[in-house]
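Undergrad: Quick one: structure below, then a few questions.
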Amino acid sequence: MTLLELTDVTASYGPVQVLDGVSLTVPDGGAVGILGANGAGKTTTLRAISGAVRVGGSITFDGENIVGLRPEQVAARGIAHVPEGRGTLSDLSVRENLRVGAYLRSDRKQIAEDIDYCLDLFPQLRNRVKSNGSALSGGEQQMLAVARGFMAKPRLLLLDETSLGLAPSTAKNVYEAVGRLRRESGIAMIVVEQNANLAFTLVDSATVLETGRSVLSGTTEELRDRDEIRRAYLGG
């Protein structure tokens, strides 16, 4: 079953058009990567889905056209966006940040259980649960951002540059935890990532963007076998 479908999506910031025909499909429970050079439109694609930029074309989520909805309306339908830059609420503790992620929910007992799950998923956060966001390392802030996105109990999680600025070992740990989250929760994901090797440990397929257009899509196995993908994104 298709959960999300983008068809010929366009988006602009003022007079500058950034997306000029992005199309991709995310199955229910699936994970899709978005690859591309800086400025290709990867982040804007996520912003288009989450309602943070005006778009043209079609974006259908669970059978509903969500073009024109405000970000809070998109979130209420089950899409959580973990943006580049992490967005940690620096004056709140780790536990309070996680509660903020569940602001649309009213099931208090399940919220408490989900906080425990997040602290099990990211043990470093359990050790810092009373610490303010400003006291966390970059890796811990990234873990908190992903966990806060999960606390919304979305059907689709948008992850933007999850490994950015992290040491390789920390990025690997974060991706292993996100992989476990996907397996155990069944949440569908779109993963924007410069490090395609990391992304390919998590996603089933990927779309390549160039100057705001979808130019290539395929399974991870198909893309790994293409010379231009290996050279551009896989260090081969």
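Following the order of the structure tokens, first chain is A, next is B, and so on, with residues numbered from 1 inside each chain and ligands from 1 in the order they appear.
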Write down as JSON, numbers by chain the residues belonging to segment 45-100 of chain A that are assigned alpha helix (DSSP H) by DSSP computed on the backbone.

TA: {"A": [45, 46, 47, 48, 49, 71, 72, 73, 74, 75, 76, 94, 95, 96, 97, 98, 99, 100]}

Undergrad: Would you mind exporting C-alpha atoms of the selected residues as a PDB file, in the first residue's frame?

TA:
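This went into part.pdb:
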```
ATOM      1  CA  THR A  45      11.283  18.334  -0.559  1.00  0.00           C
ATOM      2  CA  LEU A  46      10.841  17.512   3.128  1.00  0.00           C
ATOM      3  CA  ARG A  47       9.618  21.041   3.811  1.00  0.00           C
ATOM      4  CA  ALA A  48       7.103  20.671   0.988  1.00  0.00           C
ATOM      5  CA  ILE A  49       5.735  17.478   2.508  1.00  0.00           C
ATOM      6  CA  PRO A  71       2.475  22.365   9.239  1.00  0.00           C
ATOM      7  CA  GLU A  72       0.397  21.674  12.348  1.00  0.00           C
ATOM      8  CA  GLN A  73      -2.340  20.146  10.183  1.00  0.00           C
ATOM      9  CA  VAL A  74       0.188  17.918   8.428  1.00  0.00           C
ATOM     10  CA  ALA A  75       1.628  16.867  11.796  1.00  0.00           C
ATOM     11  CA  ALA A  76      -1.841  16.023  13.079  1.00  0.00           C
ATOM     12  CA  VAL A  94      15.657  15.641  27.870  1.00  0.00           C
ATOM     13  CA  ARG A  95      12.455  14.263  29.407  1.00  0.00           C
ATOM     14  CA  GLU A  96      10.635  17.573  28.845  1.00  0.00           C
ATOM     15  CA  ASN A  97      11.808  17.648  25.217  1.00  0.00           C
ATOM     16  CA  LEU A  98      10.338  14.189  24.734  1.00  0.00           C
ATOM     17  CA  ARG A  99       7.045  15.269  26.274  1.00  0.00           C
ATOM     18  CA  VAL A 100       6.934  18.214  23.872  1.00  0.00           C
TER      19      VAL A 100
END
```

Undergrad: Restrict the calculation to only C-alpha atoms, then for each residue of segment 45-141 of chain A with any atom at most 6 Å from an atom of segment 156-159 of chain A give the closest atom pair and their distance in Å to one decimal, rows by chain and rising residue number, as a tab-separated table.

TA:
```
residue	atom	partner	partner_atom	distance
A:Ile79	CA	A:Leu156	CA	4.9
A:Ala80	CA	A:Leu157	CA	5.0
A:His81	CA	A:Leu158	CA	4.6
A:Val82	CA	A:Leu159	CA	5.1
```

Undergrad: List the spatial neighbours of Asn132 of chain A as a list of chain:residue names - criterion: any atom at most 10 Å away, only C-alpha atoms, same-chain residues fewer than 3 positions off excluded.

TA: A:Thr88, A:Leu89, A:Ser90, A:Asp91, A:Leu92, A:Ser93, A:Val94, A:Arg95, A:Glu96, A:Asn97, A:Arg128, A:Val129, A:Ala135, A:Leu136

Undergrad: Hey, can you check how far atom CA of Ser106 of chain A sits from atom CA of Arg148 of chain A?

TA: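 Interatomic distance, atom CA of Ser106 of chain A to atom CA of Arg148 of chain A: 15.7 Å.
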
Undergrad: Apply DSSP to the backbone of this structure and, from segment 121-182 of chain A, keep only the residues in strand (DSSP E); write these as a list in words.

TA: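 Going through segment 121-182 of chain A, the strand (DSSP E) residues come out as Leu156, Leu157, Leu158, Leu159 and Asp160 of chain A.
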
Undergrad: Pick out the closest residue to Phe61 of chain A from this set: A:Asp20, A:Asp114, A:Glu5, A:Asp107. Count only C-alpha atoms.

TA: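 The closest residue to Phe61 of chain A is A:Glu5.
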
Undergrad: Pick out the residues sitting within 7 Å of Val191 of chain A, and hand them over as a PyMOL selection string; count only C-alpha atoms, and ignore anything fewer than 2 positions along from it in its own chain.

TA: chain A and resi 32-34+158-160+189+193+199

Undergrad: As an exercise, work out the distance from atom CA of Val192 of chain A to atom CA of Ser214 of chain A in Å and give it to one decimal place.

TA: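 Going from atom CA of Val192 of chain A over to atom CA of Ser214 of chain A covers 13.7 Å.
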
Undergrad: Just the residues within 12 Å of segment 216-224 of chain A, please, counting only C-alpha atoms, with nothing from its chain fewer than 4 positions along; format it as an MDAnalysis selection string.

TA: chainID A and resid 22:26 30:36 196:210 228:236

Undergrad: Near Ala102 of chain A, counting only C-alpha atoms, which residues have an atom at most 9 Å away, once you skip same-chain residues fewer than 6 positions from it, shown as a ChimeraX atom specification?

TA: /A:111,148-153

Undergrad: Just to confirm, what's the straight-line distance from atom CA of Asn195 of chain A to atom CA of Ser12 of chain A in Å (one decimal)?

TA: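 Answer for the atom CA of Asn195 of chain A to atom CA of Ser12 of chain A separation: 26.0 Å.
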